[in-house]
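Undergrad: Quick one: this structure, given as structure tokens, is what I'll be asking you about.
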Amino acid sequence: MKKRGEQMEDATTLIAMEMKPENNYGTITMNASVQPWDRNVFSDGSTRVDFVLVWEEPYSLHKEESTGVNPTHLKWREEFLNRLRNSGLLLEQKEVLQTKKKICFVLLSTPWSVLCYYAEEIGLRAPLEVVTAPIVNWSEELLSQLSLPSPLSQDVPNPPPDYYTCQFRANKLERFLGSDNKDTFFKTTQRHQVVYEILARTPYGSVETGQVGINRLLSEQVFTAAYPLHEGGFQPPAPPASPESLGLRQILYVYWAKWSCWRRYQPLDHIREYFGEKIALYFAWLGFYTGWLLPASFVGTVIFLFGFWLVATDVPAKELCDSGNNFIMCPICNICSYWNYSSICVTYKAGLLFDNGGTVFLSVFMSLWAVTFLEYWKRTCSALSHRWDCSEFEATEERPRPEFTAMAPMTTRNPVTGAEEPYFPENKRFKRILTGCMAIIIMIAVVLMFLIGIILYRTILSIIISKAENSLLIFSAGRIASITGSVLNLLVILMLSRVYITLAQVLTSWEMHRTQTKYEDMFTLKVFIFQFVNFYSSPVYIAFFKGRFVGYPGNYNTLFGVRNEDCGAGGCLIELAQEMLVIMVGKQLINNIQEFIVPKLKSWWQKRKMSPRLKEVNKEGVEEAHVKQQEEVVSPWEADYQLLVCEGLFSEYLEMVIQFGFITIFVAACPLAPLFALFNNWVEMRLDAQKFVTEYRRPVAERAQDIGIWFPILQFITHTAVLSNAFLIAFTSSFVPRLYYRYTRDNMLSGYINFTLATSPRNYSQQHQHTSCRYLGFRDENGKYLPEFFHLLAIQLSFVIIFEHVVFLIGNLIDMMVPDIPEEVELKMKREHYMAKEALAENQTFGKAMSPGDMNSTSSNLRWRGSRAQQPPHSDSPPPNLKDIPEEASPPDSC
């Protein structure tokens, strides 16, 4: 381990290049025959544009020079662009003049030698051989065995081929598939990754002060945008164009983003080819989750409909509705009046739709459903990550973050790869993480303070409304207070979320995490802990605390001098159901409307700011010869600049994970929650697809092995759901009291209503000049607990213990029975290791390797070929010029 010196200027002169068109190579395409129309090229018509940098300057037609340009920004920008030229990138500048500003576009292209150097540097994978085994969906395979057509399948043109791959080695170039065509050897997304790596690690000032990388320049507004280009427009050509002639973006629009595709399988391989593995894994998880919501929605709907039958046949409901004036209830607040229990007949029956005998079955079913869902997602994820060459990404292939590489104060040798890598002391990082934990605790305390404030607000508002002379307001006092409290709670949630997310970004960057995966995991964990408390604190309060510490007539408990909040006339479970519907369904509805309208408004405003457009000039200020044609058709970089910035997947994951928590943790209170989630996800999938294909600038493709820390979070929610449902059924619902009464008193539940009501103490009745009143509880006339209370408490605690033990036992059995990696995927992984060793070993002939078609007959002979051999250390010296790669034998190497 050693201290890092200052950034060497040699890093900015990596490759001495000849700027000749014949040395500039293009990018891979899915169908080269349909690419002549491609306009993502330099002015020479052949050099491909890999990335675009944009900035804006004030401009006036009456002045020759632009005014109002920040000199510091100008200095940083020129230094950054010069270092990009020295690193080997090709640059071409375009300018679009408007009435009040000038928009400058810098087009970047990566020559072949730079691609080869950085492809080996960042561990890009190259193809060895095509995999001929078909990819079959399990449901489609099941239907085919039953001789039934699959209503979900569709024939998507130009499917990307699947390859056996290994890490790229420049000195073994001839052994990779397609190495004879440099124009198509590297995929478009791989070229984007190379350029972004250069942009992210290139300094523009002092490295010690963090003046490194394009992200810092964007935050400082030195550049206004940095993005790769879309591959043409998304609208398909007018018929009769064949499907095979469509570009990849057009295929995604026609076969994925359209609303008519709501019942079709997603073209995941096409999504991965265009957007990268990280985005493709999100949509794979979202589709998998939505498919698994079908059985959960069916069971929940059946349980809900079962409640309608109970409403008509329930004996306690009939007793309550026919009781008349038999049960005079005590006031629910200090200034409220007495009321008849029969007045809540409708509310009581409505509560039976959410609180009935089927609730226990639904809770067990959803707990096991969640465990099984996660187990089968692990299998699906392992298959996808191997098919997309990411199964070993985090363990051996992931490079340090470019920002970490530039700013880490020390270096050390990687024990896996043997390469010299930047290093940040663990003790310093630990102290910074502790500081972040303190910030989380403070923000959670703030959330709880606001929750207490909202509780007091509802109580005080109910009292104020009850004192009004308007009888309608008095009757609706509780409902008005609840609705306004929910709106206030929503505003607090949104406000605190915005503040905390900004704080979490700053803290996570300050902690200096080595890899992008670790950085995102820590940021996600910080935000989820906060959002978990933020979103679930109110439902948890209603489910487990509201009405528990009220006291009894004559001895009511208070909070800051205000009587503790009690459950409504219909009980706490129906209030929990209402709260769930308001928060989950209402929030999802608002989010979908926002996702549908807001991007279109932003896009319209962005295009409006871009007009009127005067003309396009090159760097020397000379008008292009084809300006007339460009006035009719906007250039690709200008068209993409009018699109919106892709904000990543964090908010999308967070929305779905919060939804998953609602349908599992509180499903006992709302059986329809999975159904609402299913409808929402069908809409969400199409909205997200349309955003990425039509409204967002193309994001830089990122590799990922799985959905990251979201999977452990889902496991935590699943375990929490088991305990939550057990306590909900035992203590919040009427299931256990009814069961106790059925086996100790009356099997038909006759007299159950009177059993659940206690009589007010004598001193309370004398003080209020009334004989007596009733209230919910198991107390005698002196306010002491009856034996039945302790019997029920023992049964409830026993039910919780039995429930969670049974569910966890069955869940562990499911975990043991379902392997994490399917057998056929293990076989393909072994095959790929074998082929990689054959391809890069000097004493073997690659052509003699077993073909994929022979795998079935010799699959029993496949063996693991050992762990991936250590890669040679990465050197800081300039890369060789790889345009003349020798074909002679090289020292043995392996993937």
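Ligands are numbered from 1 in the order shown, chains are lettered A, B, ... in the order of the structure tokens, and residues start at 1 in each chain.
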Please identify the alpha helix (DSSP H) residues within range 250-331 of chain A (assignment by DSSP from backbone atoms) and present them as a ChimeraX atom specification.
TA: /A:250-252,268-275,277-313,315-321
Undergrad: Please run DSSP on the backbone and report, as an NGL selection string, all residues within range 283-344 of chain A that come out as strand (DSSP E).
TA: :A and (328-329 or 339-340)
Undergrad: Could the residues in this selection be saved with C-alpha atoms as a PDB file, in the first residue's frame?
TA:
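And here's result34.pdb as it stands now:
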```
ATOM      1  CA  ILE A 328     -75.736   2.725  24.838  1.00  0.00           C
ATOM      2  CA  MET A 329     -72.081   3.452  24.206  1.00  0.00           C
ATOM      3  CA  TRP A 339     -74.508   6.952  21.045  1.00  0.00           C
ATOM      4  CA  ASN A 340     -76.247   3.692  20.078  1.00  0.00           C
TER       5      ASN A 340
END
```
Undergrad: Would you pick out the contacts of Asp50 in chain A at 10 Å or less, using only C-alpha atoms, so that residues sharing its chain but fewer than 5 positions from it are not included, and give the list as a JSON list (two decimals) with all heavy atoms, in the first residue's frame?
TA:
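The result, stored in around.json:
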```
[["chain", "number", "residue", "atom", "x", "y", "z"],
["A", 26, "GLY", "N", -16.42, 2.06, -36.74],
["A", 26, "GLY", "CA", -17.80, 2.25, -36.30],
["A", 26, "GLY", "C", -18.16, 1.38, -35.12],
["A", 26, "GLY", "O", -17.30, 0.86, -34.43],
["A", 27, "THR", "N", -19.42, 1.20, -34.91],
["A", 27, "THR", "CA", -19.92, 0.43, -33.78],
["A", 27, "THR", "C", -20.75, -0.72, -34.26],
["A", 27, "THR", "O", -21.19, -0.77, -35.41],
["A", 27, "THR", "CB", -20.77, 1.32, -32.87],
["A", 27, "THR", "OG1", -21.83, 1.85, -33.64],
["A", 27, "THR", "CG2", -19.96, 2.46, -32.30],
["A", 40, "ASN", "N", -25.80, 9.17, -37.12],
["A", 40, "ASN", "CA", -24.98, 9.40, -35.94],
["A", 40, "ASN", "C", -23.50, 9.36, -36.32],
["A", 40, "ASN", "O", -22.73, 8.53, -35.86],
["A", 40, "ASN", "CB", -25.26, 8.35, -34.87],
["A", 40, "ASN", "CG", -26.67, 8.41, -34.36],
["A", 40, "ASN", "OD1", -27.42, 9.32, -34.69],
["A", 40, "ASN", "ND2", -27.06, 7.44, -33.55],
["A", 41, "VAL", "N", -23.08, 10.27, -37.21],
["A", 41, "VAL", "CA", -21.72, 10.28, -37.72],
["A", 41, "VAL", "C", -21.20, 11.71, -37.73],
["A", 41, "VAL", "O", -21.96, 12.68, -37.67],
["A", 41, "VAL", "CB", -21.63, 9.68, -39.14],
["A", 41, "VAL", "CG1", -21.94, 8.19, -39.11],
["A", 41, "VAL", "CG2", -22.58, 10.40, -40.09],
["A", 89, "LEU", "N", -9.46, 10.37, -27.86],
["A", 89, "LEU", "CA", -10.80, 10.53, -28.43],
["A", 89, "LEU", "C", -10.78, 11.51, -29.59],
["A", 89, "LEU", "O", -9.99, 12.45, -29.61],
["A", 89, "LEU", "CB", -11.77, 11.01, -27.36],
["A", 89, "LEU", "CG", -12.07, 10.07, -26.19],
["A", 89, "LEU", "CD1", -13.09, 10.70, -25.25],
["A", 89, "LEU", "CD2", -12.57, 8.73, -26.69],
["A", 90, "LEU", "N", -11.65, 11.28, -30.55],
["A", 90, "LEU", "CA", -11.85, 12.20, -31.66],
["A", 90, "LEU", "C", -12.99, 13.15, -31.32],
["A", 90, "LEU", "O", -14.04, 12.71, -30.85],
["A", 90, "LEU", "CB", -12.17, 11.44, -32.94],
["A", 90, "LEU", "CG", -11.15, 10.38, -33.37],
["A", 90, "LEU", "CD1", -11.60, 9.72, -34.66],
["A", 90, "LEU", "CD2", -9.76, 10.98, -33.54],
["A", 107, "LEU", "N", -19.08, 16.33, -30.35],
["A", 107, "LEU", "CA", -19.29, 14.93, -30.70],
["A", 107, "LEU", "C", -18.01, 14.16, -30.41],
["A", 107, "LEU", "O", -16.91, 14.59, -30.83],
["A", 107, "LEU", "CB", -19.67, 14.80, -32.17],
["A", 107, "LEU", "CG", -20.77, 15.76, -32.68],
["A", 107, "LEU", "CD1", -21.07, 15.49, -34.15],
["A", 107, "LEU", "CD2", -22.03, 15.63, -31.84],
["A", 108, "LEU", "N", -18.12, 13.04, -29.73],
["A", 108, "LEU", "CA", -16.96, 12.23, -29.36],
["A", 108, "LEU", "C", -17.03, 10.89, -30.08],
["A", 108, "LEU", "O", -18.10, 10.28, -30.18],
["A", 108, "LEU", "CB", -16.93, 11.99, -27.84],
["A", 108, "LEU", "CG", -16.95, 13.23, -26.94],
["A", 108, "LEU", "CD1", -16.96, 12.80, -25.48],
["A", 108, "LEU", "CD2", -15.77, 14.13, -27.23],
["A", 109, "SER", "N", -15.88, 10.44, -30.55],
["A", 109, "SER", "CA", -15.77, 9.12, -31.18],
["A", 109, "SER", "C", -14.54, 8.42, -30.65],
["A", 109, "SER", "O", -13.52, 9.06, -30.35],
["A", 109, "SER", "CB", -15.69, 9.26, -32.71],
["A", 109, "SER", "OG", -15.64, 7.99, -33.32],
["A", 110, "THR", "N", -14.63, 7.10, -30.52],
["A", 110, "THR", "CA", -13.55, 6.31, -29.94],
["A", 110, "THR", "C", -12.85, 5.50, -31.03],
["A", 110, "THR", "O", -13.48, 4.62, -31.63],
["A", 110, "THR", "CB", -14.09, 5.35, -28.87],
["A", 110, "THR", "OG1", -15.07, 6.01, -28.10],
["A", 110, "THR", "CG2", -12.97, 4.85, -27.98],
["A", 188, "THR", "N", -22.51, -1.32, -29.45],
["A", 188, "THR", "CA", -22.73, 0.10, -29.21],
["A", 188, "THR", "C", -22.65, 0.43, -27.73],
["A", 188, "THR", "O", -22.04, 1.42, -27.32],
["A", 188, "THR", "CB", -24.11, 0.52, -29.76],
["A", 188, "THR", "OG1", -24.18, 0.17, -31.15],
["A", 188, "THR", "CG2", -24.33, 2.00, -29.60],
["A", 189, "THR", "N", -23.27, -0.39, -26.90],
["A", 189, "THR", "CA", -23.26, -0.13, -25.46],
["A", 189, "THR", "C", -21.85, -0.24, -24.88],
["A", 189, "THR", "O", -21.49, 0.48, -23.94],
["A", 189, "THR", "CB", -24.19, -1.10, -24.73],
["A", 189, "THR", "OG1", -23.86, -2.46, -25.12],
["A", 189, "THR", "CG2", -25.64, -0.83, -25.09],
["A", 190, "GLN", "N", -21.02, -1.13, -25.45],
["A", 190, "GLN", "CA", -19.64, -1.23, -24.98],
["A", 190, "GLN", "C", -18.83, 0.01, -25.33],
["A", 190, "GLN", "O", -18.00, 0.47, -24.55],
["A", 190, "GLN", "CB", -18.99, -2.49, -25.55],
["A", 190, "GLN", "CG", -19.56, -3.78, -25.00],
["A", 190, "GLN", "CD", -18.92, -5.01, -25.62],
["A", 190, "GLN", "OE1", -18.57, -5.00, -26.81],
["A", 190, "GLN", "NE2", -18.76, -6.06, -24.83],
["A", 191, "ARG", "N", -19.09, 0.56, -26.51],
["A", 191, "ARG", "CA", -18.41, 1.80, -26.88],
["A", 191, "ARG", "C", -18.82, 2.94, -25.94],
["A", 191, "ARG", "O", -17.99, 3.75, -25.54],
["A", 191, "ARG", "CB", -18.75, 2.16, -28.33],
["A", 191, "ARG", "CG", -18.27, 1.16, -29.36],
["A", 191, "ARG", "CD", -18.70, 1.57, -30.75],
["A", 191, "ARG", "NE", -17.98, 2.75, -31.19],
["A", 191, "ARG", "CZ", -16.94, 2.74, -32.01],
["A", 191, "ARG", "NH1", -16.49, 1.59, -32.48],
["A", 191, "ARG", "NH2", -16.35, 3.86, -32.37],
["A", 192, "HIS", "N", -20.09, 2.97, -25.58],
["A", 192, "HIS", "CA", -20.56, 3.99, -24.63],
["A", 192, "HIS", "C", -19.84, 3.84, -23.28],
["A", 192, "HIS", "O", -19.46, 4.84, -22.65],
["A", 192, "HIS", "CB", -22.06, 3.88, -24.43],
["A", 192, "HIS", "CG", -22.86, 4.14, -25.67],
["A", 192, "HIS", "ND1", -24.20, 3.85, -25.78],
["A", 192, "HIS", "CD2", -22.49, 4.68, -26.87],
["A", 192, "HIS", "CE1", -24.62, 4.19, -26.99],
["A", 192, "HIS", "NE2", -23.61, 4.68, -27.67],
["A", 193, "GLN", "N", -19.68, 2.60, -22.83],
["A", 193, "GLN", "CA", -19.03, 2.37, -21.54],
["A", 193, "GLN", "C", -17.58, 2.83, -21.56],
["A", 193, "GLN", "O", -17.08, 3.40, -20.58],
["A", 193, "GLN", "CB", -19.11, 0.87, -21.19],
["A", 193, "GLN", "CG", -20.51, 0.40, -20.85],
["A", 193, "GLN", "CD", -20.60, -1.11, -20.74],
["A", 193, "GLN", "OE1", -19.65, -1.82, -21.06],
["A", 193, "GLN", "NE2", -21.74, -1.61, -20.31],
["A", 194, "VAL", "N", -16.90, 2.61, -22.68],
["A", 194, "VAL", "CA", -15.51, 3.04, -22.79],
["A", 194, "VAL", "C", -15.41, 4.56, -22.73],
["A", 194, "VAL", "O", -14.59, 5.12, -21.98],
["A", 194, "VAL", "CB", -14.89, 2.50, -24.10],
["A", 194, "VAL", "CG1", -13.55, 3.19, -24.38],
["A", 194, "VAL", "CG2", -14.69, 1.00, -24.02],
["A", 195, "VAL", "N", -16.26, 5.25, -23.48],
["A", 195, "VAL", "CA", -16.21, 6.72, -23.48],
["A", 195, "VAL", "C", -16.55, 7.26, -22.10],
["A", 195, "VAL", "O", -15.90, 8.19, -21.61],
["A", 195, "VAL", "CB", -17.17, 7.29, -24.54],
["A", 195, "VAL", "CG1", -17.13, 8.81, -24.53],
["A", 195, "VAL", "CG2", -16.80, 6.78, -25.92],
["A", 196, "TYR", "N", -17.57, 6.69, -21.47],
["A", 196, "TYR", "CA", -17.97, 7.19, -20.16],
["A", 196, "TYR", "C", -16.86, 6.96, -19.13],
["A", 196, "TYR", "O", -16.65, 7.79, -18.23],
["A", 196, "TYR", "CB", -19.26, 6.51, -19.70],
["A", 196, "TYR", "CG", -19.77, 7.07, -18.39],
["A", 196, "TYR", "CD1", -20.41, 8.31, -18.35],
["A", 196, "TYR", "CD2", -19.60, 6.38, -17.20],
["A", 196, "TYR", "CE1", -20.87, 8.84, -17.16],
["A", 196, "TYR", "CE2", -20.06, 6.90, -16.00],
["A", 196, "TYR", "CZ", -20.70, 8.13, -15.99],
["A", 196, "TYR", "OH", -21.14, 8.65, -14.81],
["A", 227, "TYR", "N", -24.44, 12.62, -23.00],
["A", 227, "TYR", "CA", -25.28, 11.46, -23.26],
["A", 227, "TYR", "C", -24.83, 10.76, -24.54],
["A", 227, "TYR", "O", -24.27, 11.39, -25.45],
["A", 227, "TYR", "CB", -26.75, 11.88, -23.42],
["A", 227, "TYR", "CG", -26.98, 13.00, -24.40],
["A", 227, "TYR", "CD1", -27.21, 12.75, -25.75],
["A", 227, "TYR", "CD2", -26.95, 14.34, -23.98],
["A", 227, "TYR", "CE1", -27.42, 13.77, -26.65],
["A", 227, "TYR", "CE2", -27.15, 15.37, -24.88],
["A", 227, "TYR", "CZ", -27.39, 15.09, -26.21],
["A", 227, "TYR", "OH", -27.59, 16.11, -27.10],
["A", 228, "PRO", "N", -25.04, 9.44, -24.63],
["A", 228, "PRO", "CA", -24.90, 8.74, -25.91],
["A", 228, "PRO", "C", -26.16, 8.94, -26.74],
["A", 228, "PRO", "O", -27.23, 9.27, -26.21],
["A", 228, "PRO", "CB", -24.73, 7.27, -25.49],
["A", 228, "PRO", "CG", -25.44, 7.18, -24.19],
["A", 228, "PRO", "CD", -25.31, 8.52, -23.52],
["A", 229, "LEU", "N", -26.06, 8.71, -28.03],
["A", 229, "LEU", "CA", -27.18, 8.96, -28.93],
["A", 229, "LEU", "C", -28.06, 7.73, -29.07],
["A", 229, "LEU", "O", -27.60, 6.58, -29.01],
["A", 229, "LEU", "CB", -26.67, 9.37, -30.31],
["A", 229, "LEU", "CG", -25.96, 10.72, -30.42],
["A", 229, "LEU", "CD1", -25.46, 10.93, -31.85],
["A", 229, "LEU", "CD2", -26.88, 11.85, -30.00]]
```
Undergrad: Would you list the contacts of range 266-282 of chain A as a ChimeraX atom specification, taking every protein, DNA or RNA residue within 10 Å and counting only C-alpha atoms, but skipping same-chain residues closer than 5 positions in sequence?
TA: /A:29-30,152-162,187-190,193,230-231,248-249,251-252,255-257,261,287-288,381,384-385,387-390,648-649,652-653,685,689,692-693,698-708
Undergrad: Can you pull out the residues contacting Gly485 in chain A? Cut-off 8 Å, using only C-alpha atoms, and skip same-chain residues under 4 positions away; I want them as a ChimeraX atom specification.
TA: /A:454-455,457-458,481,489
Undergrad: Can you tell me which residues surround range 293-307 of chain A at a distance of at most 10 Å, considering only C-alpha atoms, apart from same-chain residues fewer than 2 positions away, and format the answer as a ChimeraX atom specification?
TA: /A:287-291,309-314,349-359,361-363,365-366,369-370,373,663,667-668,670-679,681
Undergrad: Tell me which protein, DNA and RNA residues are within 10 Å of range 210-225 of chain A, counting only C-alpha atoms, leaving out same-chain ones fewer than 4 positions away, and put them as number ranges by chain.
TA: A: 52-56, 70, 72-77, 80, 103-105, 196-206, 402-408, 641, 645, 697
Undergrad: From the options A:Lys102, A:Phe799, A:Val492, A:Glu826, which residue's atoms come nearest to Pro58 in chain A, counting only C-alpha atoms?
TA: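 Among A:Lys102, A:Phe799, A:Val492, A:Glu826, it is A:Lys102 that comes nearest to Pro58 in chain A.
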Undergrad: Within 12 Å of range 753-762 of chain A, which residues of range 277-326 of chain A show up? Give each one with its shortest atom-to-atom distance in Å (one decimal) and the two atoms involved, counting only C-alpha atoms, rows by chain then rising residue number, as CSV.
TA:
```
residue,atom,partner,partner_atom,distance
A:Asp314,CA,A:Ile753,CA,11.7
A:Val315,CA,A:Ile753,CA,9.5
A:Pro316,CA,A:Ile753,CA,6.0
A:Ala317,CA,A:Ile753,CA,8.4
A:Lys318,CA,A:Ile753,CA,9.9
A:Glu319,CA,A:Ile753,CA,7.2
A:Leu320,CA,A:Ile753,CA,6.8
A:Cys321,CA,A:Ile753,CA,10.6
A:Asp322,CA,A:Ile753,CA,11.4
A:Ser323,CA,A:Ile753,CA,9.6
A:Asn326,CA,A:Asn754,CA,9.8
```
Undergrad: CA of Pro425 in chain A to CA of Phe393 in chain A: how many Å, to one decimal?
TA: 23.8 Å
